[in-house]
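What follows is one structure encoded as structure tokens, with my remarks underneath.
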Amino acid sequence: MAFPHYSAEELERQYDPTIGVDDVDAIQQGYRAASDAVAAAGQGRLDLAYGPDPLQRLDLFPAAGGRAPVMVYIHGGYWVGGDKIGRRFPAPVYNAAGIAWVAINYRLAPGSGMDEIVADVRGALAWLHRNAADHGIDPGRIHVAGSSAGGHLTGMALAPGWHAEYGVPEDLVKGACPMSGLFDLAPMRITSHRESLAMDEATAARNSPALLPPPAPLPVVVAWGARESDEFRRQSEDYATALEAAGCDVALLAAEGHDHFSIMGDMARPETPLGRAMLGLVDRAG
């Protein structure tokens, strides 16, 4: 546990994602407008159901040619909010590179607990694996990315021990890019988020990717915004250390000039370090 030197008030501030952000609403509105334009182009298969709940839905933007690798994006929102609807905007860049783009929703707290949220993400990946042929996806080239809570859920997709239950191979995920993630959930038991998450010690431990290294090595880009708090940086650096100890090929990326929210825009900019790294991740993973 690396955070006892913070007071409760300081820790709360450390886990405030708006620190260093100029205008959260403007950033999110920009992503939503760009995503709406992508959806309006009519190339996506929207709101595909991977489960019975209305939030167990995903958007899939296939690449031309069929049997393409796929990048699956998991939105953030501290597990209580967020929506895939504003994360469609990178699809044209990935499709142009021959990569399908998928954005998923999942059930949210406090209505659903962390175990259920994690199960939804794994269920969505298993659904994609089973239905890959129907959507022009190569089931052997599934990659996962996510930001903030989505970064945490990306880590839980890499964790061991769940694959047999879902009928998928242990190496289902071939590469990953968690951004600004929360990989050690112990601090969430101290911050105000403990109430919405019902975060006890056992729940935190079994849902902390830093304690659950992947069962097989894979390439991972661990990214965060250089303007983020010390704790968000520590979370990423400590997770990268755990991944390296598990034999993963890890690239660390502190995106200069970016905060917790603006970093996501670089996913759709191939000329940026993050854009290059995410597109290159598919090549590295094969």
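Numbering starts fresh at 1 for the residues of each chain in the structure tokens, the chains themselves are lettered A, B, ... in the order given, and ligands are numbered from 1 as they appear.
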
**Prompt:** Do you know which residues are at most 8 Å from A:His152 counting only C-alpha atoms, after dropping those on the same chain fewer than 4 positions away, and could you put them as JSON, numbers by chain?
**Reply:** {"A": [146, 147, 148, 156, 178, 181, 182, 183, 208, 209]}

**Prompt:** How would you write, as JSON, numbers by chain, the set of residues in stretch 29-157 of chain A that DSSP gives as strand (DSSP E)?
**Reply:** {"A": [45, 46, 47, 48, 49, 57, 58, 59, 60, 61, 68, 69, 70, 71, 72, 73, 74, 100, 101, 102, 103, 104, 137, 138, 139, 140, 141, 142, 143, 144, 145, 146, 147]}

**Spatial neighbours of A:Glu228, max dist 12 Å, only C-alpha atoms, sep filter under 4 positions, as a ChimeraX atom specification** = /A:13-21,148,179-181,223-224,232-236,254-263

**Prompt:** Residues of stretch 25-250 of chain A in helix (DSSP H, G or I) according to DSSP, as a PyMOL selection string?
**Reply:** chain A and resi 25-40+84-86+91-96+114-130+132-135+149-158+163-166+186-189+193-197+201-206+209-211+230-245

Using only C-alpha atoms, what table do you get, as JSON lines, when you list each residue of stretch 116-148 of chain A with an atom no more than 6 Å from stretch 165-177 of chain A, its nearest pair of atoms, and their distance in Å rounded to one decimal, rows by chain then rising number?
```
{"residue": "A:Ile142", "atom": "CA", "partner": "A:Val173", "partner_atom": "CA", "distance": 5.3}
{"residue": "A:His143", "atom": "CA", "partner": "A:Gly175", "partner_atom": "CA", "distance": 4.9}
{"residue": "A:Val144", "atom": "CA", "partner": "A:Ala176", "partner_atom": "CA", "distance": 4.7}
{"residue": "A:Ala145", "atom": "CA", "partner": "A:Cys177", "partner_atom": "CA", "distance": 4.5}
```

Dump as a short mmCIF file (atom, residue, chain, number, x, y, z; two decimals), in the first residue's frame, selection limited to N, CA and C atoms:
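Everything below was put into result-v2.cif:
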```
data_model
loop_
_atom_site.label_atom_id
_atom_site.label_comp_id
_atom_site.auth_asym_id
_atom_site.auth_seq_id
_atom_site.Cartn_x
_atom_site.Cartn_y
_atom_site.Cartn_z
N ILE A 142 -7.84 -10.15 -30.93
CA ILE A 142 -8.64 -9.23 -30.13
C ILE A 142 -7.71 -8.43 -29.22
N HIS A 143 -7.84 -7.12 -29.27
CA HIS A 143 -7.04 -6.21 -28.46
C HIS A 143 -7.98 -5.34 -27.65
N VAL A 144 -7.52 -4.87 -26.50
CA VAL A 144 -8.38 -4.13 -25.59
C VAL A 144 -7.70 -2.84 -25.14
N ALA A 145 -8.48 -1.77 -25.07
CA ALA A 145 -8.00 -0.49 -24.54
C ALA A 145 -9.11 0.13 -23.71
#
```

**Message:** If we count only C-alpha atoms and set the cut-off at 12 Å, which residues sit around A:Arg45, ignoring sequence neighbours fewer than 2 positions away in its own chain? Please answer as a list in words.
**Reply:** Val38, Ala39, Ala40, Ala41, Gly42, Gln43, Asp47, Leu48, Ala49, Arg57, Leu58, Asp59, Leu60, Phe61, Pro62, Ala63, Arg88, Ala91, Ala100, Trp101, Val102, Ala103, Ile104, Asp134, His135 and Gly136 of chain A

Taking N, CA and C atoms for each residue, export the selection above as a PDB file, in the first residue's frame.
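Once written, part.pdb looks like this:
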```pdb
ATOM      1  N   VAL A  38     -19.503  10.031 -36.802  1.00  0.00           N
ATOM      2  CA  VAL A  38     -19.118   8.684 -37.227  1.00  0.00           C
ATOM      3  C   VAL A  38     -20.349   7.791 -37.315  1.00  0.00           C
ATOM      4  N   ALA A  39     -21.214   7.870 -36.315  1.00  0.00           N
ATOM      5  CA  ALA A  39     -22.431   7.047 -36.332  1.00  0.00           C
ATOM      6  C   ALA A  39     -23.340   7.424 -37.501  1.00  0.00           C
ATOM      7  N   ALA A  40     -23.408   8.720 -37.786  1.00  0.00           N
ATOM      8  CA  ALA A  40     -24.278   9.192 -38.868  1.00  0.00           C
ATOM      9  C   ALA A  40     -23.813   8.709 -40.234  1.00  0.00           C
ATOM     10  N   ALA A  41     -22.536   8.365 -40.342  1.00  0.00           N
ATOM     11  CA  ALA A  41     -22.011   7.874 -41.617  1.00  0.00           C
ATOM     12  C   ALA A  41     -22.564   6.496 -41.959  1.00  0.00           C
ATOM     13  N   GLY A  42     -23.120   5.804 -40.963  1.00  0.00           N
ATOM     14  CA  GLY A  42     -23.839   4.564 -41.226  1.00  0.00           C
ATOM     15  C   GLY A  42     -22.996   3.321 -41.390  1.00  0.00           C
ATOM     16  N   GLN A  43     -21.727   3.376 -40.978  1.00  0.00           N
ATOM     17  CA  GLN A  43     -20.862   2.213 -41.147  1.00  0.00           C
ATOM     18  C   GLN A  43     -20.865   1.282 -39.939  1.00  0.00           C
ATOM     19  N   ASP A  47     -25.378  -0.903 -30.888  1.00  0.00           N
ATOM     20  CA  ASP A  47     -26.192  -1.494 -29.823  1.00  0.00           C
ATOM     21  C   ASP A  47     -26.421  -2.989 -30.006  1.00  0.00           C
ATOM     22  N   LEU A  48     -25.387  -3.698 -30.403  1.00  0.00           N
ATOM     23  CA  LEU A  48     -25.451  -5.155 -30.444  1.00  0.00           C
ATOM     24  C   LEU A  48     -25.485  -5.684 -29.015  1.00  0.00           C
ATOM     25  N   ALA A  49     -26.387  -6.604 -28.731  1.00  0.00           N
ATOM     26  CA  ALA A  49     -26.573  -7.121 -27.377  1.00  0.00           C
ATOM     27  C   ALA A  49     -25.626  -8.287 -27.109  1.00  0.00           C
ATOM     28  N   ARG A  57     -24.460  -3.789 -24.088  1.00  0.00           N
ATOM     29  CA  ARG A  57     -24.509  -3.493 -25.516  1.00  0.00           C
ATOM     30  C   ARG A  57     -23.142  -3.027 -25.998  1.00  0.00           C
ATOM     31  N   LEU A  58     -22.891  -3.207 -27.290  1.00  0.00           N
ATOM     32  CA  LEU A  58     -21.648  -2.733 -27.877  1.00  0.00           C
ATOM     33  C   LEU A  58     -21.908  -2.190 -29.274  1.00  0.00           C
ATOM     34  N   ASP A  59     -21.030  -1.292 -29.704  1.00  0.00           N
ATOM     35  CA  ASP A  59     -21.036  -0.753 -31.069  1.00  0.00           C
ATOM     36  C   ASP A  59     -19.834  -1.325 -31.796  1.00  0.00           C
ATOM     37  N   LEU A  60     -20.049  -1.781 -33.019  1.00  0.00           N
ATOM     38  CA  LEU A  60     -18.980  -2.420 -33.786  1.00  0.00           C
ATOM     39  C   LEU A  60     -18.854  -1.734 -35.145  1.00  0.00           C
ATOM     40  N   PHE A  61     -17.657  -1.291 -35.439  1.00  0.00           N
ATOM     41  CA  PHE A  61     -17.360  -0.655 -36.717  1.00  0.00           C
ATOM     42  C   PHE A  61     -16.369  -1.554 -37.453  1.00  0.00           C
ATOM     43  N   PRO A  62     -16.856  -2.365 -38.400  1.00  0.00           N
ATOM     44  CA  PRO A  62     -15.983  -3.338 -39.059  1.00  0.00           C
ATOM     45  C   PRO A  62     -15.041  -2.691 -40.065  1.00  0.00           C
ATOM     46  N   ALA A  63     -13.898  -3.314 -40.234  1.00  0.00           N
ATOM     47  CA  ALA A  63     -12.956  -2.891 -41.276  1.00  0.00           C
ATOM     48  C   ALA A  63     -13.292  -3.626 -42.566  1.00  0.00           C
ATOM     49  N   ARG A  88     -17.090   6.517 -30.133  1.00  0.00           N
ATOM     50  CA  ARG A  88     -17.106   5.968 -31.489  1.00  0.00           C
ATOM     51  C   ARG A  88     -16.118   6.685 -32.400  1.00  0.00           C
ATOM     52  N   ALA A  91     -13.119   5.248 -34.664  1.00  0.00           N
ATOM     53  CA  ALA A  91     -13.369   4.147 -35.604  1.00  0.00           C
ATOM     54  C   ALA A  91     -12.799   4.372 -37.002  1.00  0.00           C
ATOM     55  N   ALA A 100     -10.927  -3.360 -36.963  1.00  0.00           N
ATOM     56  CA  ALA A 100     -12.277  -3.074 -36.502  1.00  0.00           C
ATOM     57  C   ALA A 100     -12.211  -2.332 -35.169  1.00  0.00           C
ATOM     58  N   TRP A 101     -13.207  -1.478 -34.918  1.00  0.00           N
ATOM     59  CA  TRP A 101     -13.289  -0.732 -33.667  1.00  0.00           C
ATOM     60  C   TRP A 101     -14.582  -1.110 -32.961  1.00  0.00           C
ATOM     61  N   VAL A 102     -14.479  -1.433 -31.682  1.00  0.00           N
ATOM     62  CA  VAL A 102     -15.651  -1.774 -30.874  1.00  0.00           C
ATOM     63  C   VAL A 102     -15.629  -0.925 -29.610  1.00  0.00           C
ATOM     64  N   ALA A 103     -16.752  -0.340 -29.254  1.00  0.00           N
ATOM     65  CA  ALA A 103     -16.911   0.377 -27.988  1.00  0.00           C
ATOM     66  C   ALA A 103     -18.028  -0.296 -27.211  1.00  0.00           C
ATOM     67  N   ILE A 104     -17.758  -0.613 -25.943  1.00  0.00           N
ATOM     68  CA  ILE A 104     -18.743  -1.369 -25.170  1.00  0.00           C
ATOM     69  C   ILE A 104     -19.315  -0.546 -24.012  1.00  0.00           C
ATOM     70  N   ASP A 134     -19.347 -13.538 -37.813  1.00  0.00           N
ATOM     71  CA  ASP A 134     -20.519 -12.799 -38.284  1.00  0.00           C
ATOM     72  C   ASP A 134     -20.239 -11.318 -38.482  1.00  0.00           C
ATOM     73  N   HIS A 135     -19.118 -10.839 -37.947  1.00  0.00           N
ATOM     74  CA  HIS A 135     -18.842  -9.409 -37.975  1.00  0.00           C
ATOM     75  C   HIS A 135     -17.476  -9.070 -38.576  1.00  0.00           C
ATOM     76  N   GLY A 136     -16.912 -10.024 -39.320  1.00  0.00           N
ATOM     77  CA  GLY A 136     -15.665  -9.756 -40.017  1.00  0.00           C
ATOM     78  C   GLY A 136     -14.469  -9.578 -39.112  1.00  0.00           C
TER      79      GLY A 136
END
```

**Request:** Tell me, in Å to one decimal, how far atom CA of A:Asp115 is from atom CA of A:Leu11.
**Result:**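 Atom CA of A:Leu11 lies at a distance of 24.3 Å from atom CA of A:Asp115.
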
**Message:** Please list as number ranges by chain every residue within 12 Å of A:Ala202, counting only C-alpha atoms and excluding residues in the same chain fewer than 4 positions away.
**Reply:** A: 114-115, 185-186, 189, 198, 206-208

Residue subset to file, keeping C-alpha atoms, as an mmCIF file, in the first residue's frame:
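Below is the file that was written, out-v2.cif:
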```
data_model
loop_
_atom_site.group_PDB
_atom_site.id
_atom_site.type_symbol
_atom_site.label_atom_id
_atom_site.label_comp_id
_atom_site.auth_asym_id
_atom_site.auth_seq_id
_atom_site.Cartn_x
_atom_site.Cartn_y
_atom_site.Cartn_z
ATOM 1 C CA MET A 114 -17.565 -4.428 -9.181
ATOM 2 C CA ASP A 115 -17.728 -8.183 -9.751
ATOM 3 C CA LEU A 185 -8.339 -0.510 -5.818
ATOM 4 C CA ALA A 186 -7.265 -0.269 -2.169
ATOM 5 C CA ARG A 189 -11.811 2.034 0.141
ATOM 6 C CA ALA A 198 -19.359 -0.893 -1.824
ATOM 7 C CA ARG A 206 -9.976 -9.667 -6.263
ATOM 8 C CA ASN A 207 -10.520 -6.751 -8.648
ATOM 9 C CA SER A 208 -7.074 -5.159 -8.570
#
```

**Asked** What is the atom CA of A:Pro213-atom CA of A:Thr154 distance in Å, reported with one decimal?
**Response** 12.0 Å

**Message:** List as an NGL selection string the protein and nucleic acid residues near A:Ala240, meaning an atom at most 9 Å away when only C-alpha atoms are counted, but skip any in the same chain fewer than 6 places from it.
**Reply:** :A and (210 or 220-222 or 248 or 250-252)

Keeping only all heavy atoms, write the selected residues to a file as a PDB file, in the first residue's frame.
```
ATOM      1  N   ALA A 210      -3.265  -4.989 -10.557  1.00  0.00           N
ATOM      2  CA  ALA A 210      -1.865  -4.998 -10.119  1.00  0.00           C
ATOM      3  C   ALA A 210      -1.514  -6.273  -9.360  1.00  0.00           C
ATOM      4  O   ALA A 210      -0.344  -6.659  -9.293  1.00  0.00           O
ATOM      5  CB  ALA A 210      -1.576  -3.776  -9.247  1.00  0.00           C
ATOM      6  N   VAL A 220       1.819  -4.612 -24.027  1.00  0.00           N
ATOM      7  CA  VAL A 220       0.914  -3.695 -23.351  1.00  0.00           C
ATOM      8  C   VAL A 220       1.499  -2.285 -23.392  1.00  0.00           C
ATOM      9  O   VAL A 220       2.679  -2.091 -23.079  1.00  0.00           O
ATOM     10  CB  VAL A 220       0.674  -4.095 -21.880  1.00  0.00           C
ATOM     11  CG1 VAL A 220      -0.376  -3.178 -21.238  1.00  0.00           C
ATOM     12  CG2 VAL A 220       0.241  -5.554 -21.757  1.00  0.00           C
ATOM     13  N   VAL A 221       0.695  -1.327 -23.791  1.00  0.00           N
ATOM     14  CA  VAL A 221       1.051   0.093 -23.704  1.00  0.00           C
ATOM     15  C   VAL A 221       0.318   0.662 -22.493  1.00  0.00           C
ATOM     16  O   VAL A 221      -0.917   0.641 -22.446  1.00  0.00           O
ATOM     17  CB  VAL A 221       0.642   0.861 -24.977  1.00  0.00           C
ATOM     18  CG1 VAL A 221       0.947   2.351 -24.815  1.00  0.00           C
ATOM     19  CG2 VAL A 221       1.346   0.291 -26.200  1.00  0.00           C
ATOM     20  N   VAL A 222       1.062   1.114 -21.499  1.00  0.00           N
ATOM     21  CA  VAL A 222       0.485   1.712 -20.298  1.00  0.00           C
ATOM     22  C   VAL A 222       0.668   3.224 -20.414  1.00  0.00           C
ATOM     23  O   VAL A 222       1.793   3.715 -20.407  1.00  0.00           O
ATOM     24  CB  VAL A 222       1.144   1.177 -19.018  1.00  0.00           C
ATOM     25  CG1 VAL A 222       0.512   1.815 -17.785  1.00  0.00           C
ATOM     26  CG2 VAL A 222       1.026  -0.347 -18.947  1.00  0.00           C
ATOM     27  N   CYS A 248       5.574  -9.521 -19.707  1.00  0.00           N
ATOM     28  CA  CYS A 248       4.949  -8.761 -20.787  1.00  0.00           C
ATOM     29  C   CYS A 248       5.925  -7.768 -21.410  1.00  0.00           C
ATOM     30  O   CYS A 248       6.858  -7.289 -20.752  1.00  0.00           O
ATOM     31  CB  CYS A 248       3.727  -8.008 -20.268  1.00  0.00           C
ATOM     32  SG  CYS A 248       2.371  -9.086 -19.752  1.00  0.00           S
ATOM     33  N   VAL A 250       6.255  -4.305 -22.240  1.00  0.00           N
ATOM     34  CA  VAL A 250       5.544  -3.114 -21.767  1.00  0.00           C
ATOM     35  C   VAL A 250       6.196  -1.842 -22.291  1.00  0.00           C
ATOM     36  O   VAL A 250       7.417  -1.676 -22.224  1.00  0.00           O
ATOM     37  CB  VAL A 250       5.510  -3.067 -20.233  1.00  0.00           C
ATOM     38  CG1 VAL A 250       4.728  -1.845 -19.741  1.00  0.00           C
ATOM     39  CG2 VAL A 250       4.898  -4.349 -19.671  1.00  0.00           C
ATOM     40  N   ALA A 251       5.356  -0.949 -22.805  1.00  0.00           N
ATOM     41  CA  ALA A 251       5.795   0.393 -23.196  1.00  0.00           C
ATOM     42  C   ALA A 251       5.080   1.408 -22.310  1.00  0.00           C
ATOM     43  O   ALA A 251       3.851   1.380 -22.207  1.00  0.00           O
ATOM     44  CB  ALA A 251       5.480   0.656 -24.664  1.00  0.00           C
ATOM     45  N   LEU A 252       5.838   2.266 -21.642  1.00  0.00           N
ATOM     46  CA  LEU A 252       5.269   3.326 -20.815  1.00  0.00           C
ATOM     47  C   LEU A 252       5.148   4.596 -21.640  1.00  0.00           C
ATOM     48  O   LEU A 252       6.066   4.946 -22.376  1.00  0.00           O
ATOM     49  CB  LEU A 252       6.159   3.603 -19.602  1.00  0.00           C
ATOM     50  CG  LEU A 252       6.086   2.603 -18.448  1.00  0.00           C
ATOM     51  CD1 LEU A 252       7.171   2.917 -17.433  1.00  0.00           C
ATOM     52  CD2 LEU A 252       4.725   2.645 -17.793  1.00  0.00           C
TER      53      LEU A 252
END
```

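Straight-line separation from atom CA of A:Thr272 to atom CA of A:Arg67: 27.1 Å.
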
**Prompt:** Hey, what's within 10 Å of A:Asp200 if we count only C-alpha atoms and toss same-chain stuff fewer than 3 positions away? As number ranges by chain, please?
**Reply:** A: 185-186, 188-190, 194-195, 197, 203-205

Output file for the selection above: N, CA, C and O atoms, as an mmCIF file, in the first residue's frame:
```
data_model
loop_
_atom_site.group_PDB
_atom_site.id
_atom_site.type_symbol
_atom_site.label_atom_id
_atom_site.label_comp_id
_atom_site.auth_asym_id
_atom_site.auth_seq_id
_atom_site.Cartn_x
_atom_site.Cartn_y
_atom_site.Cartn_z
ATOM 1 N N LEU A 185 -7.085 -1.114 -6.281
ATOM 2 C CA LEU A 185 -8.339 -0.510 -5.818
ATOM 3 C C LEU A 185 -8.351 -0.217 -4.321
ATOM 4 O O LEU A 185 -9.332 0.327 -3.815
ATOM 5 N N ALA A 186 -7.281 -0.534 -3.612
ATOM 6 C CA ALA A 186 -7.265 -0.269 -2.169
ATOM 7 C C ALA A 186 -7.558 1.195 -1.828
ATOM 8 O O ALA A 186 -8.303 1.457 -0.876
ATOM 9 N N MET A 188 -9.574 3.123 -3.181
ATOM 10 C CA MET A 188 -11.004 3.383 -3.337
ATOM 11 C C MET A 188 -11.779 3.072 -2.055
ATOM 12 O O MET A 188 -12.914 3.526 -1.878
ATOM 13 N N ARG A 189 -11.175 2.316 -1.142
ATOM 14 C CA ARG A 189 -11.811 2.034 0.141
ATOM 15 C C ARG A 189 -11.716 3.224 1.093
ATOM 16 O O ARG A 189 -12.391 3.239 2.138
ATOM 17 N N ILE A 190 -10.895 4.210 0.731
ATOM 18 C CA ILE A 190 -10.674 5.369 1.590
ATOM 19 C C ILE A 190 -11.343 6.614 1.026
ATOM 20 O O ILE A 190 -11.836 7.460 1.770
ATOM 21 N N ARG A 194 -15.912 4.856 -2.168
ATOM 22 C CA ARG A 194 -16.199 3.591 -1.482
ATOM 23 C C ARG A 194 -17.699 3.354 -1.330
ATOM 24 O O ARG A 194 -18.164 2.205 -1.305
ATOM 25 N N GLU A 195 -18.475 4.432 -1.236
ATOM 26 C CA GLU A 195 -19.915 4.279 -1.017
ATOM 27 C C GLU A 195 -20.618 3.742 -2.265
ATOM 28 O O GLU A 195 -21.381 2.779 -2.197
ATOM 29 N N LEU A 197 -19.271 2.176 -4.685
ATOM 30 C CA LEU A 197 -18.673 0.916 -5.128
ATOM 31 C C LEU A 197 -18.820 -0.206 -4.114
ATOM 32 O O LEU A 197 -18.492 -1.354 -4.426
ATOM 33 N N THR A 203 -13.251 -7.311 -1.992
ATOM 34 C CA THR A 203 -13.647 -6.866 -3.335
ATOM 35 C C THR A 203 -12.500 -6.143 -4.014
ATOM 36 O O THR A 203 -12.225 -6.357 -5.204
ATOM 37 N N ALA A 204 -11.816 -5.277 -3.267
ATOM 38 C CA ALA A 204 -10.686 -4.544 -3.827
ATOM 39 C C ALA A 204 -9.585 -5.495 -4.270
ATOM 40 O O ALA A 204 -9.012 -5.341 -5.357
ATOM 41 N N ALA A 205 -9.294 -6.498 -3.460
ATOM 42 C CA ALA A 205 -8.194 -7.407 -3.772
ATOM 43 C C ALA A 205 -8.478 -8.242 -5.012
ATOM 44 O O ALA A 205 -7.619 -8.398 -5.879
#
```
